[in-house]
file start_21.cif (mmCIF, C-alpha atoms)
data_upload
#
loop_
_atom_site.group_PDB
_atom_site.id
_atom_site.type_symbol
_atom_site.label_atom_id
_atom_site.label_comp_id
_atom_site.auth_asym_id
_atom_site.auth_seq_id
_atom_site.Cartn_x
_atom_site.Cartn_y
_atom_site.Cartn_z
ATOM 1 C CA MET A 1 -12.788 123.996 -42.149
ATOM 2 C CA LYS A 2 -13.143 121.952 -38.977
ATOM 3 C CA THR A 3 -15.240 118.813 -38.831
ATOM 4 C CA ALA A 4 -17.404 117.125 -36.212
ATOM 5 C CA ALA A 5 -14.470 114.860 -35.382
ATOM 6 C CA ASP A 6 -12.329 117.897 -34.473
ATOM 7 C CA ILE A 7 -14.952 119.056 -31.960
ATOM 8 C CA LEU A 8 -15.357 115.630 -30.377
ATOM 9 C CA LEU A 9 -11.589 115.369 -29.951
ATOM 10 C CA LYS A 10 -11.661 118.448 -27.700
ATOM 11 C CA GLN A 11 -14.282 116.996 -25.373
ATOM 12 C CA ASN A 12 -13.584 115.125 -22.190
ATOM 13 C CA ALA A 13 -14.479 111.452 -22.173
ATOM 14 C CA PRO A 14 -18.275 111.371 -21.841
ATOM 15 C CA ASN A 15 -19.743 109.897 -18.665
ATOM 16 C CA ASN A 16 -23.344 110.942 -19.136
ATOM 17 C CA TYR A 17 -24.896 107.711 -20.395
ATOM 18 C CA VAL A 18 -28.062 106.019 -19.149
ATOM 19 C CA ALA A 19 -30.211 103.109 -20.258
ATOM 20 C CA PRO A 20 -33.745 103.713 -21.594
ATOM 21 C CA ASP A 21 -35.342 102.100 -18.547
ATOM 22 C CA THR A 22 -33.635 104.491 -16.123
ATOM 23 C CA LEU A 23 -36.192 106.295 -13.989
ATOM 24 C CA VAL A 24 -36.456 110.010 -14.670
ATOM 25 C CA SER A 25 -35.836 110.716 -10.982
ATOM 26 C CA ASP A 26 -32.559 108.791 -11.163
ATOM 27 C CA ALA A 27 -31.631 110.605 -14.362
ATOM 28 C CA LEU A 28 -32.200 113.967 -12.667
ATOM 29 C CA THR A 29 -29.981 112.913 -9.795
ATOM 30 C CA LEU A 30 -27.269 111.922 -12.267
ATOM 31 C CA LEU A 31 -27.588 115.193 -14.193
ATOM 32 C CA ASN A 32 -27.113 117.071 -10.945
ATOM 33 C CA ALA A 33 -24.188 114.918 -9.810
ATOM 34 C CA LEU A 34 -22.408 115.290 -13.140
ATOM 35 C CA ASN A 35 -23.386 118.958 -13.474
ATOM 36 C CA ARG A 36 -24.597 118.247 -16.996
ATOM 37 C CA ILE A 37 -27.698 119.413 -18.828
ATOM 38 C CA PHE A 38 -28.307 116.248 -20.845
ATOM 39 C CA LEU A 39 -27.800 112.492 -20.769
ATOM 40 C CA VAL A 40 -27.186 110.221 -23.726
ATOM 41 C CA VAL A 41 -29.631 107.312 -23.720
ATOM 42 C CA VAL A 42 -28.075 104.096 -24.996
ATOM 43 C CA ASP A 43 -29.139 100.476 -25.139
ATOM 44 C CA GLY A 44 -25.857 98.621 -25.100
ATOM 45 C CA ASP A 45 -23.873 100.283 -27.860
ATOM 46 C CA ASP A 46 -26.962 101.618 -29.621
ATOM 47 C CA PHE A 47 -27.811 105.308 -29.410
ATOM 48 C CA LYS A 48 -31.477 105.762 -28.529
ATOM 49 C CA GLY A 49 -31.908 109.456 -27.759
ATOM 50 C CA ILE A 50 -31.066 112.351 -25.452
ATOM 51 C CA PHE A 51 -32.715 113.244 -22.161
ATOM 52 C CA SER A 52 -32.286 116.820 -20.964
ATOM 53 C CA GLU A 53 -33.636 119.191 -18.338
ATOM 54 C CA HIS A 54 -35.753 120.615 -21.141
ATOM 55 C CA ASP A 55 -37.318 117.209 -21.790
ATOM 56 C CA PHE A 56 -37.996 116.805 -18.088
ATOM 57 C CA VAL A 57 -39.837 120.119 -17.864
ATOM 58 C CA LYS A 58 -41.692 119.716 -21.152
ATOM 59 C CA ASN A 59 -42.535 116.023 -21.093
ATOM 60 C CA VAL A 60 -42.761 115.189 -17.400
ATOM 61 C CA ALA A 61 -43.376 118.205 -15.176
ATOM 62 C CA VAL A 62 -45.820 120.114 -17.355
ATOM 63 C CA ARG A 63 -47.764 116.915 -18.050
ATOM 64 C CA GLY A 64 -47.937 116.130 -14.356
ATOM 65 C CA TRP A 65 -46.167 112.793 -14.789
ATOM 66 C CA ASP A 66 -44.365 111.163 -11.887
ATOM 67 C CA ALA A 67 -40.564 111.211 -12.245
ATOM 68 C CA ASN A 68 -40.381 108.230 -9.903
ATOM 69 C CA VAL A 69 -42.457 106.110 -12.251
ATOM 70 C CA CYS A 70 -41.697 107.070 -15.846
ATOM 71 C CA ALA A 71 -38.459 106.126 -17.592
ATOM 72 C CA VAL A 72 -36.195 108.312 -19.693
ATOM 73 C CA GLY A 73 -37.004 106.142 -22.716
ATOM 74 C CA GLU A 74 -40.580 107.423 -22.528
ATOM 75 C CA VAL A 75 -39.729 111.113 -22.467
ATOM 76 C CA MET A 76 -36.345 111.460 -24.183
ATOM 77 C CA ARG A 77 -35.964 113.255 -27.488
ATOM 78 C CA MET A 78 -35.304 110.922 -30.415
ATOM 79 C CA ASP A 79 -35.849 112.992 -33.550
ATOM 80 C CA PHE A 80 -32.258 114.078 -34.026
ATOM 81 C CA PRO A 81 -30.507 114.507 -37.317
ATOM 82 C CA MET A 82 -27.212 112.669 -37.408
ATOM 83 C CA ALA A 83 -23.792 113.938 -38.299
ATOM 84 C CA THR A 84 -20.795 111.867 -39.295
ATOM 85 C CA MET A 85 -17.236 112.400 -38.160
ATOM 86 C CA ASP A 86 -16.384 114.260 -41.357
ATOM 87 C CA THR A 87 -19.435 116.549 -41.328
ATOM 88 C CA GLN A 88 -18.166 120.124 -41.584
ATOM 89 C CA ILE A 89 -18.967 122.574 -38.801
ATOM 90 C CA GLU A 90 -21.041 124.694 -41.113
ATOM 91 C CA ASP A 91 -23.224 121.684 -41.823
ATOM 92 C CA VAL A 92 -23.316 120.765 -38.124
ATOM 93 C CA ILE A 93 -24.818 124.166 -37.361
ATOM 94 C CA GLY A 94 -27.167 123.890 -40.308
ATOM 95 C CA LEU A 95 -28.460 120.532 -39.028
ATOM 96 C CA MET A 96 -28.910 121.879 -35.495
ATOM 97 C CA HIS A 97 -30.877 124.802 -36.865
ATOM 98 C CA SER A 98 -33.048 122.988 -39.373
ATOM 99 C CA HIS A 99 -34.088 120.411 -36.783
ATOM 100 C CA ALA A 100 -34.256 122.931 -33.912
ATOM 101 C CA VAL A 101 -31.978 120.899 -31.641
ATOM 102 C CA PRO A 102 -29.250 122.099 -29.268
ATOM 103 C CA TYR A 103 -27.519 118.704 -29.479
ATOM 104 C CA LEU A 104 -26.291 116.708 -32.449
ATOM 105 C CA PRO A 105 -25.240 113.048 -32.208
ATOM 106 C CA VAL A 106 -22.259 112.060 -34.321
ATOM 107 C CA PHE A 107 -21.732 108.619 -35.856
ATOM 108 C CA ASP A 108 -18.949 106.751 -37.591
ATOM 109 C CA GLY A 109 -20.893 104.396 -39.741
ATOM 110 C CA ARG A 110 -23.379 102.868 -37.291
ATOM 111 C CA HIS A 111 -21.147 103.494 -34.278
ATOM 112 C CA PHE A 112 -22.144 106.336 -31.959
ATOM 113 C CA GLU A 113 -19.176 108.636 -31.360
ATOM 114 C CA GLY A 114 -20.495 111.518 -29.261
ATOM 115 C CA VAL A 115 -22.687 114.611 -29.064
ATOM 116 C CA ILE A 116 -21.928 118.153 -30.218
ATOM 117 C CA THR A 117 -23.666 120.908 -28.254
ATOM 118 C CA LEU A 118 -24.291 124.615 -28.660
ATOM 119 C CA HIS A 119 -21.586 125.193 -26.054
ATOM 120 C CA ASP A 120 -19.111 123.367 -28.304
ATOM 121 C CA ILE A 121 -20.036 125.698 -31.148
ATOM 122 C CA THR A 122 -19.707 128.705 -28.850
ATOM 123 C CA ALA A 123 -16.237 127.570 -27.804
ATOM 124 C CA LEU A 124 -15.324 127.235 -31.464
ATOM 125 C CA LEU A 125 -16.191 130.884 -31.972
ATOM 126 C CA ILE A 126 -13.586 131.799 -29.399
ATOM 127 C CA GLU A 127 -11.029 129.528 -31.046
ATOM 128 C CA TYR A 128 -11.640 131.376 -34.282
ATOM 129 C CA ARG A 129 -11.809 134.712 -32.496
ATOM 130 C CA GLU A 130 -9.335 136.435 -34.785
ATOM 131 C CA THR A 131 -11.517 135.800 -37.778
ATOM 132 C CA VAL A 132 -14.900 135.997 -36.083
ATOM 133 C CA PHE A 133 -14.116 138.953 -33.871
ATOM 134 C CA ASP A 134 -12.212 141.195 -36.236
ATOM 135 C CA LEU A 135 -11.158 143.895 -33.832
ATOM 136 C CA GLU A 136 -9.902 146.122 -36.609
ATOM 137 C CA SER A 137 -12.993 146.071 -38.751
ATOM 138 C CA SER A 138 -16.588 146.864 -37.994
ATOM 139 C CA ALA A 139 -17.460 144.996 -41.177
ATOM 140 C CA VAL A 140 -17.377 141.767 -39.221
ATOM 141 C CA PHE A 141 -18.930 142.860 -35.955
ATOM 142 C CA MET B 1 -17.459 145.413 -32.331
ATOM 143 C CA ARG B 2 -21.109 144.760 -31.577
ATOM 144 C CA THR B 3 -22.220 144.995 -27.997
ATOM 145 C CA VAL B 4 -24.934 143.807 -25.656
ATOM 146 C CA SER B 5 -26.738 147.052 -26.362
ATOM 147 C CA ASP B 6 -26.942 146.095 -30.048
ATOM 148 C CA ILE B 7 -28.359 142.679 -29.157
ATOM 149 C CA LEU B 8 -31.017 144.133 -26.874
ATOM 150 C CA SER B 9 -32.049 146.690 -29.479
ATOM 151 C CA SER B 10 -32.933 143.865 -31.837
ATOM 152 C CA LYS B 11 -35.009 141.953 -29.279
ATOM 153 C CA THR B 12 -38.585 142.598 -28.306
ATOM 154 C CA LYS B 13 -39.290 143.591 -24.728
ATOM 155 C CA PRO B 14 -39.455 140.385 -22.668
ATOM 156 C CA SER B 15 -42.884 139.211 -21.584
ATOM 157 C CA ASN B 16 -41.625 136.162 -19.685
ATOM 158 C CA VAL B 17 -41.689 138.024 -16.384
ATOM 159 C CA LEU B 18 -43.100 136.897 -13.048
ATOM 160 C CA ALA B 19 -43.171 138.246 -9.507
ATOM 161 C CA PRO B 20 -41.084 136.502 -6.828
ATOM 162 C CA ASN B 21 -44.180 135.096 -5.134
ATOM 163 C CA ALA B 22 -45.526 133.538 -8.328
ATOM 164 C CA LEU B 23 -45.758 129.772 -8.111
ATOM 165 C CA VAL B 24 -43.348 127.484 -9.908
ATOM 166 C CA ILE B 25 -46.279 125.909 -11.758
ATOM 167 C CA GLU B 26 -47.066 129.341 -13.208
ATOM 168 C CA ALA B 27 -43.475 129.674 -14.340
ATOM 169 C CA LEU B 28 -43.582 126.270 -16.033
ATOM 170 C CA GLN B 29 -46.807 127.149 -17.803
ATOM 171 C CA MET B 30 -45.354 130.471 -18.975
ATOM 172 C CA MET B 31 -42.195 128.763 -20.224
ATOM 173 C CA LYS B 32 -44.276 126.233 -22.143
ATOM 174 C CA ALA B 33 -46.639 128.844 -23.598
ATOM 175 C CA GLN B 34 -43.766 131.032 -24.791
ATOM 176 C CA ASN B 35 -41.495 128.128 -25.748
ATOM 177 C CA LEU B 36 -38.746 129.537 -23.549
ATOM 178 C CA SER B 37 -36.489 127.835 -21.035
ATOM 179 C CA TYR B 38 -36.495 130.577 -18.394
ATOM 180 C CA VAL B 39 -38.507 133.364 -16.815
ATOM 181 C CA ILE B 40 -37.317 136.685 -15.464
ATOM 182 C CA VAL B 41 -38.241 137.365 -11.841
ATOM 183 C CA LYS B 42 -38.948 141.012 -11.041
ATOM 184 C CA GLU B 43 -40.575 142.861 -8.188
ATOM 185 C CA GLY B 44 -41.981 145.969 -9.798
ATOM 186 C CA ASN B 45 -39.073 147.240 -11.866
ATOM 187 C CA ALA B 46 -36.444 145.597 -9.665
ATOM 188 C CA PHE B 47 -34.680 142.549 -11.083
ATOM 189 C CA LYS B 48 -34.653 139.683 -8.592
ATOM 190 C CA GLY B 49 -33.383 136.645 -10.461
ATOM 191 C CA ILE B 50 -33.784 134.080 -13.227
ATOM 192 C CA PHE B 51 -35.832 130.896 -12.935
ATOM 193 C CA SER B 52 -34.866 128.270 -15.510
ATOM 194 C CA GLU B 53 -35.396 124.628 -16.365
ATOM 195 C CA ARG B 54 -32.228 123.921 -14.431
ATOM 196 C CA ASN B 55 -33.597 125.611 -11.304
ATOM 197 C CA TYR B 56 -36.777 123.587 -11.591
ATOM 198 C CA SER B 57 -34.946 120.294 -12.064
ATOM 199 C CA ARG B 58 -32.414 120.825 -9.311
ATOM 200 C CA ASP B 59 -34.057 123.108 -6.794
ATOM 201 C CA VAL B 60 -37.681 122.007 -6.975
ATOM 202 C CA ALA B 61 -38.021 118.469 -8.341
ATOM 203 C CA LEU B 62 -34.875 116.996 -6.812
ATOM 204 C CA GLU B 63 -35.641 118.742 -3.518
ATOM 205 C CA GLY B 64 -39.060 117.108 -3.434
ATOM 206 C CA LYS B 65 -40.890 120.438 -3.496
ATOM 207 C CA SER B 66 -44.282 120.899 -5.132
ATOM 208 C CA SER B 67 -44.540 123.248 -8.091
ATOM 209 C CA ALA B 68 -48.085 124.031 -6.957
ATOM 210 C CA THR B 69 -46.958 125.483 -3.627
ATOM 211 C CA CYS B 70 -43.331 126.566 -4.118
ATOM 212 C CA PRO B 71 -42.817 130.214 -5.127
ATOM 213 C CA VAL B 72 -40.207 130.939 -7.784
ATOM 214 C CA GLN B 73 -38.193 133.041 -5.350
ATOM 215 C CA GLU B 74 -37.299 129.874 -3.432
ATOM 216 C CA ALA B 75 -35.760 128.205 -6.455
ATOM 217 C CA MET B 76 -34.574 130.998 -8.755
ATOM 218 C CA ALA B 77 -30.953 131.905 -9.340
ATOM 219 C CA LYS B 78 -30.638 134.984 -7.163
ATOM 220 C CA ASN B 79 -27.128 136.018 -8.122
ATOM 221 C CA PRO B 80 -26.629 135.309 -11.807
ATOM 222 C CA GLN B 81 -23.648 136.728 -13.650
ATOM 223 C CA LEU B 82 -24.650 140.268 -14.638
ATOM 224 C CA ILE B 83 -23.442 142.141 -17.695
ATOM 225 C CA SER B 84 -23.716 145.724 -18.898
ATOM 226 C CA PRO B 85 -24.874 147.124 -22.259
ATOM 227 C CA GLU B 86 -21.231 147.921 -23.022
ATOM 228 C CA HIS B 87 -20.042 144.313 -22.878
ATOM 229 C CA SER B 88 -18.938 143.024 -26.277
ATOM 230 C CA VAL B 89 -20.324 139.858 -27.836
ATOM 231 C CA GLU B 90 -16.923 138.251 -27.444
ATOM 232 C CA GLU B 91 -16.871 139.087 -23.730
ATOM 233 C CA CYS B 92 -20.306 137.498 -23.394
ATOM 234 C CA ILE B 93 -19.030 134.296 -24.979
ATOM 235 C CA GLN B 94 -16.101 134.241 -22.556
ATOM 236 C CA ILE B 95 -18.480 134.663 -19.625
ATOM 237 C CA ILE B 96 -20.778 131.909 -20.892
ATOM 238 C CA LEU B 97 -17.865 129.516 -21.313
ATOM 239 C CA GLU B 98 -16.225 130.386 -17.992
ATOM 240 C CA THR B 99 -19.338 130.355 -15.839
ATOM 241 C CA GLY B 100 -21.564 127.886 -17.673
ATOM 242 C CA SER B 101 -24.300 130.523 -17.631
ATOM 243 C CA ARG B 102 -26.948 130.355 -20.301
ATOM 244 C CA TYR B 103 -28.707 133.577 -19.372
ATOM 245 C CA LEU B 104 -26.946 136.866 -18.770
ATOM 246 C CA PRO B 105 -29.134 139.617 -17.229
ATOM 247 C CA VAL B 106 -28.173 143.102 -18.411
ATOM 248 C CA MET B 107 -28.065 145.907 -15.854
ATOM 249 C CA ASN B 108 -27.479 149.559 -16.673
ATOM 250 C CA GLU B 109 -26.822 151.785 -13.651
ATOM 251 C CA GLY B 110 -29.031 149.607 -11.498
ATOM 252 C CA GLU B 111 -31.805 149.311 -14.066
ATOM 253 C CA PHE B 112 -32.706 145.949 -15.589
ATOM 254 C CA GLU B 113 -32.437 146.114 -19.378
ATOM 255 C CA GLY B 114 -33.057 142.532 -20.500
ATOM 256 C CA VAL B 115 -31.434 139.124 -20.810
ATOM 257 C CA VAL B 116 -28.869 137.926 -23.327
ATOM 258 C CA THR B 117 -28.902 134.182 -23.955
ATOM 259 C CA ILE B 118 -26.505 131.778 -25.618
ATOM 260 C CA HIS B 119 -28.880 131.754 -28.579
ATOM 261 C CA ASP B 120 -28.643 135.529 -28.944
ATOM 262 C CA ILE B 121 -24.878 135.187 -28.932
ATOM 263 C CA MET B 122 -24.966 132.533 -31.630
ATOM 264 C CA ARG B 123 -27.117 134.734 -33.825
ATOM 265 C CA GLU B 124 -24.741 137.643 -33.377
ATOM 266 C CA ALA B 125 -21.716 135.540 -34.157
ATOM 267 C CA LEU B 126 -23.361 134.205 -37.294
ATOM 268 C CA ARG B 127 -23.678 137.740 -38.608
ATOM 269 C CA SER B 128 -19.974 137.353 -39.306
ATOM 270 C CA LYS B 129 -20.741 136.031 -42.737
ATOM 271 C CA GLU B 130 -17.321 135.566 -44.180
ATOM 272 C CA ALA B 131 -15.576 134.330 -41.087
ATOM 273 C CA LEU B 132 -16.756 130.828 -40.336
ATOM 274 C CA PHE B 133 -19.783 130.002 -42.358
ATOM 275 C CA ASP B 134 -21.122 130.685 -45.805
ATOM 276 C CA SER B 135 -23.370 133.687 -46.212
ATOM 277 C CA SER B 136 -26.495 131.780 -47.192
ATOM 278 C CA LEU B 137 -26.487 129.823 -43.958
ATOM 279 C CA ALA B 138 -25.816 132.916 -41.879
ATOM 280 C CA ASP B 139 -28.651 134.761 -43.599
ATOM 281 C CA ARG B 140 -31.033 131.882 -42.982
ATOM 282 C CA LEU B 141 -30.129 131.557 -39.323
ATOM 283 C CA ILE B 142 -30.482 135.266 -38.716
ATOM 284 C CA GLU B 143 -33.732 135.672 -40.636
ATOM 285 C CA GLU B 144 -35.410 132.618 -39.152
ATOM 286 C CA GLY B 145 -34.639 133.762 -35.674
ATOM 287 C CA GLY B 146 -32.474 131.200 -34.053
ATOM 288 C CA ILE B 147 -30.659 127.975 -33.913
ATOM 289 C CA TYR B 148 -32.510 126.389 -31.019
#
call {"tool": "encode", "arguments": {"input": "start_21.cif", "output": "structure tokens"}}
result
Amino acid sequence: MKTAADILLKQNAPNNYVAPDTLVSDALTLLNALNRIFLVVVDGDDFKGIFSEHDFVKNVAVRGWDANVCAVGEVMRMDFPMATMDTQIEDVIGLMHSHAVPYLPVFDGRHFEGVITLHDITALLIEYRETVFDLESSAVF
Amino acid sequence: MRTVSDILSSKTKPSNVLAPNALVIEALQMMKAQNLSYVIVKEGNAFKGIFSERNYSRDVALEGKSSATCPVQEAMAKNPQLISPEHSVEECIQIILETGSRYLPVMNEGEFEGVVTIHDIMREALRSKEALFDSSLADRLIEEGGIY
């Protein structure tokens, strides 16, 4: 069974980091420039949370807040469960489900290593296509 | 092999539908009320596009438009990747990975049938109990209605 570390190894080097005091408007510009749907919020080497388009809509736009005034640290999501590098994929999915999050930060001890997303899990399904998509048997699909 | 048709048959008829001239603020309120990240834009029975959080962020907020005056038709995705009821779940995953799409509108001979999302795909894949994950987890994910 694959682990969180195996998924992170397949990812490109992350470039979607911002500081907590980054203005939401600047974060949106960065999301667009990077063509990403979330940013990792860090203070130095410390993981603080994740800011996504969903957070922008839910915590800024719907509230009528000004993206040119509020910072990502005020509206980011922080209540993430945490996986370790040796957390098995099954448990990764279980954590994402039980906490209703599409992203899961991964740590090695106290060191932040990266984020696993639903798209990573989807890609894994294709990697395991011969077992997931059993073309010979309707018992699987 | 399960298909898009199987997915749609297990979903309720979507109520997150707006007309093209509806305002973006109405779309945001509908998304919040239904805890969804997109709305379907239709004119009568004709499918016109998908308006999502991404469209709001990039095509309204970043463009400096007002959600109180901008209609969804100005910011919606007008040409999303379409699929048919005959597409397999595996084909949907390939499309999602290749295009980065999160919402796949389903058209059947010109008629709009519904939308398949990445979350629907995950639920379908997790029905494969013995393949990747243990059965108790798969059961829980399926019964509780989603991973997101």
call {"tool": "atom_distance", "arguments": {"input": "start_21.cif", "atom1": "atom CA of Glu127 of chain A", "atom2": "atom CA of Thr87 of chain A"}}
result
18.6 Å
call {"tool": "residues_around", "arguments": {"input": "start_21.cif", "residues": "Glu26 of chain B", "least_positions_apart": "6", "cutoff": "10 Å", "atoms": "only C-alpha atoms", "output": "list in words"}}
result
Leu18, Lys32, Ser67, Ala68, Pro71 and Val72 of chain B
call {"tool": "write_last_selection", "arguments": {"input": "start_21.cif", "atoms": "C-alpha atoms", "output": "PDB file, in the frame of the given file"}}
result
ATOM      1  CA  LEU B  18     -43.100 136.897 -13.048  1.00  0.00           C
ATOM      2  CA  LYS B  32     -44.276 126.233 -22.143  1.00  0.00           C
ATOM      3  CA  SER B  67     -44.540 123.248  -8.091  1.00  0.00           C
ATOM      4  CA  ALA B  68     -48.085 124.031  -6.957  1.00  0.00           C
ATOM      5  CA  PRO B  71     -42.817 130.214  -5.127  1.00  0.00           C
ATOM      6  CA  VAL B  72     -40.207 130.939  -7.784  1.00  0.00           C
TER       7      VAL B  72
END
call {"tool": "resolve_selection", "arguments": {"input": "start_21.cif", "expression": "the PyMOL selection byres ((chain A and resi 51-53) around 9)", "output": "count of residues only"}}
result
27
call {"tool": "resolve_selection", "arguments": {"input": "start_21.cif", "expression": "the PyMOL selection byres ((chain A and resi 114-125) around 9)", "output": "number ranges by chain"}}
result
A: 4, 7-8, 10-11, 14, 40, 89, 92-93, 96, 101-107, 112-113, 126-129, 131-133; B: 90, 93-94, 96-97, 100, 118-119, 121-122, 125, 132, 147-148
call {"tool": "resolve_selection", "arguments": {"input": "start_21.cif", "expression": "the PyMOL selection byres ((chain B and resi 47) around 10)", "output": "list in words"}}
result
Val17, Ala19, Pro20, Ile40, Val41, Lys42, Glu43, Gly44, Asn45, Ala46, Lys48, Gly49, Ile50, Lys78, Pro105, Val106, Met107, Gly110, Glu111, Phe112, Glu113 and Gly114 of chain B
call {"tool": "atom_distance", "arguments": {"input": "start_21.cif", "atom1": "atom CA of Cys70 of chain B", "atom2": "atom CA of Gln34 of chain B"}}
result
21.2 Å
call {"tool": "axis_aligned_box", "arguments": {"input": "start_21.cif", "around": "segment 12-23 of chain B", "padding_each_side": "8 Å", "output": "lines of an AutoDock Vina configuration file"}}
result
center_x = -42.2
center_y = 136.7
center_z = -16.7
size_x = 23.2
size_y = 29.8
size_z = 39.2
call {"tool": "closest_residue", "arguments": {"input": "start_21.cif", "among": "A:Met85, A:Cys70, A:Ala13, A:Ala19", "to": "Val42 of chain A", "atoms": "only C-alpha atoms"}}
result
A:Ala19
call {"tool": "residues_around", "arguments": {"input": "start_21.cif", "residues": "Tyr38 of chain B", "least_positions_apart": "4", "cutoff": "9 Å", "atoms": "only C-alpha atoms", "output": "JSON, numbers by chain"}}
result
{"B": [16, 27, 28, 30, 31, 50, 51, 52, 53, 54, 103]}
call {"tool": "atom_distance", "arguments": {"input": "start_21.cif", "atom1": "atom CA of Asp6 of chain B", "atom2": "atom CA of Ser101 of chain B"}}
result
20.1 Å
call {"tool": "residues_around", "arguments": {"input": "start_21.cif", "residues": "Ser66 of chain B", "least_positions_apart": "6", "cutoff": "9 Å", "atoms": "all atoms listed in the file", "output": "list in words"}}
result
Val24, Ile25 and Val60 of chain B
call {"tool": "closest_residue", "arguments": {"input": "start_21.cif", "among": "B:Glu74, B:Glu109, B:Glu63, B:Glu86", "to": "chain A", "atoms": "all atoms listed in the file"}}
result
B:Glu63
call {"tool": "closest_residue", "arguments": {"input": "start_21.cif", "among": "A:Ala67, A:Val62, A:Ala83, A:Leu34", "to": "Asn15 of chain A", "atoms": "all atoms listed in the file"}}
result
A:Leu34
